[in-house]
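Source file structure.cif; content: mmCIF, C-alpha atoms.
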data_start
loop_
_atom_site.label_atom_id
_atom_site.label_comp_id
_atom_site.auth_asym_id
_atom_site.auth_seq_id
_atom_site.Cartn_x
_atom_site.Cartn_y
_atom_site.Cartn_z
CA MET A 1 -3.20 8.71 -14.92
CA THR A 2 -1.65 5.36 -15.76
CA ARG A 3 -3.87 2.36 -15.44
CA ASN A 4 -1.18 0.04 -14.17
CA THR A 5 0.54 1.97 -11.43
CA THR A 6 -1.12 4.81 -9.61
CA LYS A 7 1.28 7.42 -8.28
CA ILE A 8 0.27 8.68 -4.87
CA LEU A 9 1.72 11.48 -2.78
CA MET A 10 0.95 11.13 0.91
CA ILE A 11 1.43 14.33 2.90
CA GLU A 12 1.63 13.07 6.47
CA ASP A 13 3.80 14.13 9.40
CA ASP A 14 3.13 10.99 11.43
CA ILE A 15 5.91 8.97 9.85
CA GLU A 16 4.98 5.80 11.69
CA MET A 17 1.44 5.99 10.28
CA ALA A 18 2.64 7.04 6.83
CA GLN A 19 5.06 4.11 6.51
CA ILE A 20 2.48 1.54 7.48
CA ILE A 21 -0.08 2.89 5.02
CA LYS A 22 2.51 3.18 2.25
CA SER A 23 3.61 -0.39 2.81
CA ALA A 24 0.04 -1.67 2.96
CA LEU A 25 -1.09 0.23 -0.15
CA GLU A 26 1.91 -0.86 -2.20
CA GLN A 27 1.31 -4.50 -1.26
CA THR A 28 -2.41 -4.45 -1.94
CA MET A 29 -2.83 -2.10 -4.91
CA PRO A 30 -0.85 -1.40 -8.08
CA CYS A 31 0.57 1.88 -6.82
CA THR A 32 3.67 3.67 -5.63
CA VAL A 33 3.44 5.96 -2.63
CA ARG A 34 5.79 8.84 -1.90
CA ILE A 35 5.71 10.33 1.59
CA ALA A 36 6.16 14.04 2.28
CA PRO A 37 6.37 14.61 6.04
CA GLU A 38 5.67 18.33 5.80
CA PRO A 39 3.94 20.68 3.33
CA PHE A 40 7.01 22.35 1.85
CA GLU A 41 8.60 19.04 0.93
CA ALA A 42 5.28 18.14 -0.67
CA LEU A 43 5.36 21.38 -2.69
CA ASN A 44 8.86 20.58 -3.94
CA LEU A 45 7.85 17.04 -4.91
CA MET A 46 4.76 18.28 -6.74
CA SER A 47 6.86 20.81 -8.65
CA ASP A 48 9.06 18.00 -9.96
CA HIS A 49 6.62 15.11 -10.35
CA PHE A 50 3.00 14.52 -11.22
CA TYR A 51 0.87 12.44 -8.86
CA ASP A 52 -2.45 10.77 -9.65
CA PHE A 53 -3.72 11.14 -6.08
CA ILE A 54 -2.90 13.14 -2.99
CA ILE A 55 -3.52 11.66 0.45
CA LEU A 56 -3.56 14.60 2.79
CA ASP A 57 -3.35 14.82 6.56
CA TRP A 58 -5.06 17.90 7.93
CA GLN A 59 -2.98 19.03 10.90
CA LEU A 60 0.48 19.43 9.45
CA PRO A 61 3.52 21.41 10.54
CA PHE A 62 3.44 25.04 9.32
CA LEU A 63 0.27 24.77 7.22
CA ASN A 64 -3.01 22.91 7.48
CA GLY A 65 -4.30 20.68 4.70
CA ASN A 66 -6.24 23.38 2.89
CA GLU A 67 -3.37 25.87 3.08
CA THR A 68 -1.04 23.22 1.67
CA ILE A 69 -3.27 22.58 -1.35
CA GLU A 70 -3.97 26.28 -1.93
CA THR A 71 -0.24 27.09 -1.73
CA ALA A 72 0.57 24.32 -4.23
CA ASP A 73 -2.18 25.52 -6.57
CA ARG A 74 -0.90 29.10 -6.49
CA SER A 75 2.75 28.17 -6.83
CA PHE A 76 2.06 26.03 -9.92
CA LYS A 77 1.46 29.25 -11.91
CA TYR A 78 5.02 30.36 -11.35
CA GLU A 79 6.82 27.01 -11.56
CA PRO A 80 8.65 26.71 -14.90
CA ARG A 81 9.60 23.05 -14.37
CA LEU A 82 6.08 21.98 -13.55
CA PRO A 83 5.13 18.66 -15.24
CA VAL A 84 2.49 19.45 -17.87
CA LYS A 85 0.21 16.69 -16.58
CA TRP A 86 -0.80 18.95 -13.69
CA ASP A 87 -2.68 21.07 -16.22
CA THR A 88 -4.64 18.22 -17.78
CA GLY A 89 -7.23 17.80 -15.05
CA LYS A 90 -7.93 18.09 -11.35
CA VAL A 91 -6.07 15.68 -9.11
CA PRO A 92 -8.19 13.98 -6.44
CA VAL A 93 -7.31 14.81 -2.85
CA ILE A 94 -8.25 12.31 -0.16
CA ILE A 95 -8.16 13.73 3.34
CA LEU A 96 -6.91 11.17 5.88
CA SER A 97 -7.11 12.75 9.28
CA ALA A 98 -7.89 12.36 12.95
CA SER A 99 -9.76 15.66 12.62
CA ALA A 100 -13.48 15.35 11.97
CA GLU A 101 -14.75 15.78 8.41
CA SER A 102 -16.59 18.94 9.46
CA GLN A 103 -13.24 20.52 10.41
CA CYS A 104 -11.59 19.72 7.07
CA HIS A 105 -12.86 22.00 4.32
CA LEU A 106 -10.90 22.06 1.10
CA GLU A 107 -11.43 25.20 -0.98
CA LYS A 108 -11.89 24.88 -4.74
CA THR A 109 -8.66 25.18 -6.72
CA ASN A 110 -7.56 24.86 -10.35
CA HIS A 111 -5.45 21.73 -10.00
CA PHE A 112 -7.06 19.74 -7.19
CA LYS A 113 -10.46 18.46 -6.20
CA TYR A 114 -11.80 17.09 -2.94
CA SER A 115 -12.39 13.39 -3.30
CA GLY A 116 -13.26 12.20 0.18
CA HIS A 117 -12.49 12.18 3.89
CA ILE A 118 -11.29 9.09 5.72
CA SER A 119 -10.97 9.01 9.48
CA LYS A 120 -7.67 7.72 10.80
CA GLN A 121 -9.46 6.48 13.88
CA GLN A 122 -10.25 3.05 12.55
CA PRO A 123 -8.49 -0.23 11.83
CA LEU A 124 -5.99 -0.27 9.00
CA ARG A 125 -8.09 -2.60 6.87
CA ASN A 126 -10.99 -0.12 6.92
CA ILE A 127 -8.68 2.73 5.92
CA LEU A 128 -7.26 0.64 3.06
CA PHE A 129 -10.72 -0.38 1.92
CA SER A 130 -11.90 3.25 1.86
CA LEU A 131 -8.78 4.40 0.03
CA ALA A 132 -9.09 1.62 -2.55
CA GLU A 133 -12.75 2.46 -3.07
CA ILE A 134 -12.05 6.15 -3.72
CA VAL A 135 -9.12 5.36 -6.03
CA GLU A 136 -11.25 2.88 -7.99
CA ASN A 137 -14.15 5.36 -8.29
CA GLU A 138 -11.87 8.13 -9.52
CA ASN A 139 -10.11 5.81 -11.97
CA SER A 140 -13.42 4.63 -13.35
CA LEU A 141 -14.64 8.24 -13.78
CA LEU A 142 -11.44 8.98 -15.63
CA ARG A 143 -11.88 5.95 -17.90
CA LYS A 144 -15.43 7.02 -18.75
CA SER A 145 -14.34 10.54 -19.64
CA ALA A 146 -11.39 9.31 -21.76
CA MET B 1 -7.78 -5.84 -3.06
CA LYS B 2 -5.47 -8.17 -1.14
CA ASN B 3 -5.52 -8.45 2.64
CA TYR B 4 -2.79 -6.78 4.63
CA GLU B 5 -1.96 -7.37 8.27
CA ILE B 6 0.50 -5.21 10.18
CA PRO B 7 3.56 -7.36 11.05
CA VAL B 8 3.64 -8.10 14.78
CA GLU B 9 7.19 -6.66 15.04
CA LEU B 10 5.86 -3.29 13.93
CA ILE B 11 3.07 -3.45 16.48
CA GLN B 12 5.61 -4.26 19.20
CA LYS B 13 7.72 -1.29 18.14
CA TYR B 14 4.62 0.89 18.15
CA VAL B 15 3.92 -0.07 21.76
CA GLU B 16 7.57 0.43 22.76
CA ARG B 17 7.43 3.98 21.40
CA ARG B 18 4.26 4.67 23.37
CA TRP B 19 6.17 3.90 26.58
CA VAL B 20 8.64 6.63 25.61
CA ASP B 21 5.71 8.92 24.79
CA LEU B 22 4.17 8.29 28.20
CA LYS B 23 7.34 9.47 29.90
CA ASN B 24 7.49 12.52 27.60
CA CYS B 25 3.86 13.30 28.36
CA ARG B 26 4.44 13.14 32.11
CA ASP B 27 7.42 15.48 31.68
CA ALA B 28 5.30 17.84 29.58
CA LEU B 29 2.55 17.80 32.17
CA ALA B 30 5.06 18.63 34.91
CA THR B 31 6.18 21.70 32.95
CA ASP B 32 2.68 22.74 31.78
CA ASP B 33 3.61 22.08 28.17
CA PHE B 34 0.01 21.65 27.01
CA LEU B 35 0.89 22.30 23.38
CA PHE B 36 3.15 19.25 23.34
CA LEU B 37 0.42 17.16 24.93
CA MET B 38 -2.15 18.41 22.42
CA LYS B 39 0.02 17.63 19.41
CA PHE B 40 1.08 14.25 20.76
CA ALA B 41 -2.49 13.28 21.62
CA HIS B 42 -3.83 14.31 18.22
CA GLN B 43 -1.27 12.07 16.55
CA MET B 44 -1.94 9.09 18.82
CA LYS B 45 -5.68 9.63 18.36
CA GLY B 46 -5.04 9.10 14.66
CA ASN B 47 -2.70 6.12 14.72
CA ALA B 48 -3.81 3.99 17.70
CA GLY B 49 -6.85 2.51 15.97
CA THR B 50 -4.82 1.73 12.87
CA TYR B 51 -2.47 -0.40 14.95
CA GLY B 52 -5.39 -2.17 16.60
CA PHE B 53 -5.60 -0.20 19.84
CA PRO B 54 -8.85 1.77 19.60
CA GLU B 55 -9.05 2.19 23.39
CA LEU B 56 -5.72 4.00 23.30
CA GLY B 57 -7.23 6.28 20.67
CA VAL B 58 -10.03 7.13 23.09
CA ILE B 59 -7.51 7.97 25.83
CA ALA B 60 -5.64 10.15 23.31
CA GLU B 61 -8.83 11.96 22.36
CA LYS B 62 -9.41 12.80 26.02
CA ILE B 63 -5.79 13.93 26.47
CA GLU B 64 -6.20 16.23 23.48
CA PHE B 65 -9.44 17.65 24.90
CA PHE B 66 -8.14 18.26 28.43
CA SER B 67 -4.84 19.68 27.12
CA LYS B 68 -6.85 22.35 25.34
CA GLU B 69 -8.64 22.95 28.65
CA LYS B 70 -5.31 22.90 30.52
CA ASN B 71 -6.94 20.61 33.07
CA LYS B 72 -4.05 19.03 34.96
CA THR B 73 -6.27 16.98 37.27
CA GLU B 74 -7.93 15.14 34.40
CA LEU B 75 -4.66 14.86 32.52
CA ASN B 76 -2.99 13.16 35.50
CA ILE B 77 -5.85 10.66 35.63
CA LEU B 78 -5.45 10.05 31.89
CA MET B 79 -1.71 9.47 32.27
CA ASP B 80 -2.53 6.70 34.75
CA GLN B 81 -5.03 5.22 32.30
CA PHE B 82 -2.42 5.43 29.55
CA LEU B 83 0.05 3.56 31.81
CA LYS B 84 -2.50 0.87 32.75
CA TYR B 85 -3.42 0.36 29.13
CA LEU B 86 0.20 -0.12 28.08
CA GLU B 87 0.77 -2.50 30.99
CA HIS B 88 -2.07 -4.76 29.88
CA ILE B 89 -0.76 -5.20 26.33
CA LYS B 90 0.84 -8.62 25.97
CA PHE B 91 2.52 -10.25 23.00
CA ASP B 92 2.67 -14.04 22.63
#
File written out as structure tokens:
Amino acid sequence: MTRNTTKILMIEDDIEMAQIIKSALEQTMPCTVRIAPEPFEALNLMSDHFYDFIILDWQLPFLNGNETIETADRSFKYEPRLPVKWDTGKVPVIILSASAESQCHLEKTNHFKYSGHISKQQPLRNILFSLAEIVENENSLLRKSA
Amino acid sequence: MKNYEIPVELIQKYVERRWVDLKNCRDALATDDFLFLMKFAHQMKGNAGTYGFPELGVIAEKIEFFSKEKNKTELNILMDQFLKYLEHIKFD
């Protein structure tokens, strides 16, 4: 994970919501955000690029959030072009959803770890604050372990 | 972390799109397309609060619930509430 610019993949089919969060995050934190509007585009992006964080909606087209992460985790084994950084640690996944936390259970995988749930049903500044807090916590854990 | 406010133009566009959604919802209700209503409502439940319209999020939550129940009576009432809510939004 680079200290200067955090690379974030946001898997979100509500493009309106995704754009506003991308824009807000990029203006308030040292990060770049890539949007994948559906799980299979996300899988392709993850095969080609490493991301420091995943922001994951739960109700997505074709797959739910857990199925998306499990599919990515499985497919990494067979992906020859996979960036090696995916194998250096578990990437934090932040669930950002209108579904309740109790409905969003992320199974354990080799490449990802659950890092928090943020409800979409709140003002943007609260969402940004929660995201920034999780990113900062994860970055500080990483610095301690380095 | 710096402050970020959603530009008012984007909020206006958000509201404009909800007018289109209202029409689509009424059409869906007329054809018993509860799946459309459920998906739409789940999305609006998630984004309304972000744009500063938490009451719209509550209406969406109810639309999602009654779409699952296929309760047309309640859904018609909610469409009227959706309309009234949009009508009361004013931009300076």
Pick out the residues sitting within 9 Å of Asn47 (chain B), and hand them over as a PyMOL selection string; count all atoms listed in the file, and ignore anything fewer than 5 positions along from it in its own chain. (chain A and resi 14+16-17+98+120-122) or (chain B and resi 42+52-54+57)
Near chain B, meaning an atom within 10 Å, which residues of chain A appear when counting only C-alpha atoms? Write them as a ChimeraX atom specification. /A:13-14,16-18,20-21,23-25,27-30,59,96-99,119-129,132-133
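Ranking B:Asp92, B:Arg26, B:Glu16, B:Phe40 by their shortest atom-to-atom distance to Leu78 (chain B), with only C-alpha atoms included, puts B:Arg26 first.
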Point-to-point distance in Å for CA of Pro37 (chain A) and CA of Leu60 (chain A): 8.3 Å
What gap, in Å, lies between CA of Pro39 (chain A) and CA of Phe34 (chain B)?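 These atoms are spaced 24.0 Å apart.
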Would you write out, as a ChimeraX atom specification, every residue that the PyMOL selection byres ((chain A and resi 95) around 6) captures in this file? /A:55-57,94,96,117
note - CA of Phe40 (chain A) and CA of Val84 (chain A) are separated by 20.4 Å
Find the residues near Glu87 (chain B): any atom within 12 Å, counting all atoms listed in the file, skip ones fewer than 4 places away on the same chain, and give them as a ChimeraX atom specification. /B:15-16,18-19,22,56,80-83,91
Convert the current residue selection to file output with C-alpha atoms, as a compact mmCIF listing (two decimals), keeping the file's coordinate frame.
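That gives us selection_24.txt:
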# COMPACT_ATOMS: atom_id res chain seq x y z
CA VAL B 15 3.92 -0.07 21.76
CA GLU B 16 7.57 0.43 22.76
CA ARG B 18 4.26 4.67 23.37
CA TRP B 19 6.17 3.90 26.58
CA LEU B 22 4.17 8.29 28.20
CA LEU B 56 -5.72 4.00 23.30
CA ASP B 80 -2.53 6.70 34.75
CA GLN B 81 -5.03 5.22 32.30
CA PHE B 82 -2.42 5.43 29.55
CA LEU B 83 0.05 3.56 31.81
CA PHE B 91 2.52 -10.25 23.00
Quick one: apply the PyMOL selection byres ((chain A and resi 36) around 9) to the file and drop the selected residues here as a ChimeraX atom specification. /A:9-13,34-35,37-43,45
Serialized selection, C-alpha atoms, as a compact mmCIF listing (two decimals), in the coordinates of the input:
# COMPACT_ATOMS: atom_id res chain seq x y z
CA LEU A 9 1.72 11.48 -2.78
CA MET A 10 0.95 11.13 0.91
CA ILE A 11 1.43 14.33 2.90
CA GLU A 12 1.63 13.07 6.47
CA ASP A 13 3.80 14.13 9.40
CA ARG A 34 5.79 8.84 -1.90
CA ILE A 35 5.71 10.33 1.59
CA PRO A 37 6.37 14.61 6.04
CA GLU A 38 5.67 18.33 5.80
CA PRO A 39 3.94 20.68 3.33
CA PHE A 40 7.01 22.35 1.85
CA GLU A 41 8.60 19.04 0.93
CA ALA A 42 5.28 18.14 -0.67
CA LEU A 43 5.36 21.38 -2.69
CA LEU A 45 7.85 17.04 -4.91
Here's a test: counting all atoms listed in the file, identify every protein, DNA and RNA residue with an atom at most 7 Å from (-11.7, 8.4, -1.2) in the file's coordinate frame, and state them as a PDB file with C-alpha atoms, in the coordinates of the input.
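Written file, point.pdb:
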ATOM      1  CA  ILE A  94      -8.250  12.310  -0.160  1.00  0.00           C
ATOM      2  CA  SER A 115     -12.390  13.390  -3.300  1.00  0.00           C
ATOM      3  CA  GLY A 116     -13.260  12.200   0.180  1.00  0.00           C
ATOM      4  CA  HIS A 117     -12.490  12.180   3.890  1.00  0.00           C
ATOM      5  CA  ILE A 118     -11.290   9.090   5.720  1.00  0.00           C
ATOM      6  CA  SER A 130     -11.900   3.250   1.860  1.00  0.00           C
ATOM      7  CA  LEU A 131      -8.780   4.400   0.030  1.00  0.00           C
ATOM      8  CA  GLU A 133     -12.750   2.460  -3.070  1.00  0.00           C
ATOM      9  CA  ILE A 134     -12.050   6.150  -3.720  1.00  0.00           C
ATOM     10  CA  VAL A 135      -9.120   5.360  -6.030  1.00  0.00           C
TER      11      VAL A 135
END
Check which residues satisfy the PyMOL selection byres ((chain A and resi 108) around 12) in the file shown, then give them as a VMD selection string. chain A and resid 66 to 67 69 to 70 73 to 74 90 to 93 105 to 107 109 to 115
To box region 43-55 of chain A, take all atoms listed in the file, fit an axis-aligned box, add 8 Å on each side, and give centre and edge lengths in Å to one decimal, as lines of an AutoDock Vina configuration file.
center_x = 2.7
center_y = 16.1
center_z = -5.4
size_x = 28.8
size_y = 26.6
size_z = 27.7
Could you list as a list in words every residue that has an atom within 12 Å of (4.1, 21.3, 28.0), using the file's coordinates and counting all atoms listed in the file?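 The requested residues, written out, are Asn24, Cys25, Arg26, Asp27, Ala28, Leu29, Ala30, Thr31, Asp32, Asp33, Phe34, Leu35, Phe36, Leu37, Met38, Lys39, Phe40, Ser67, Lys68, Lys70, Lys72 and Leu75 of chain B.
The smallest atom-to-atom distance between Thr88 (chain A) and any of A:Leu63, A:Arg143, A:Cys104, A:Phe50, using only C-alpha atoms, is found for A:Phe50.
Nearest-residue note for Gln12 (chain B): choosing from B:Ile59, B:Leu86, B:Met79, B:Ala41, the minimum distance belongs to B:Leu86, counting only C-alpha atoms.
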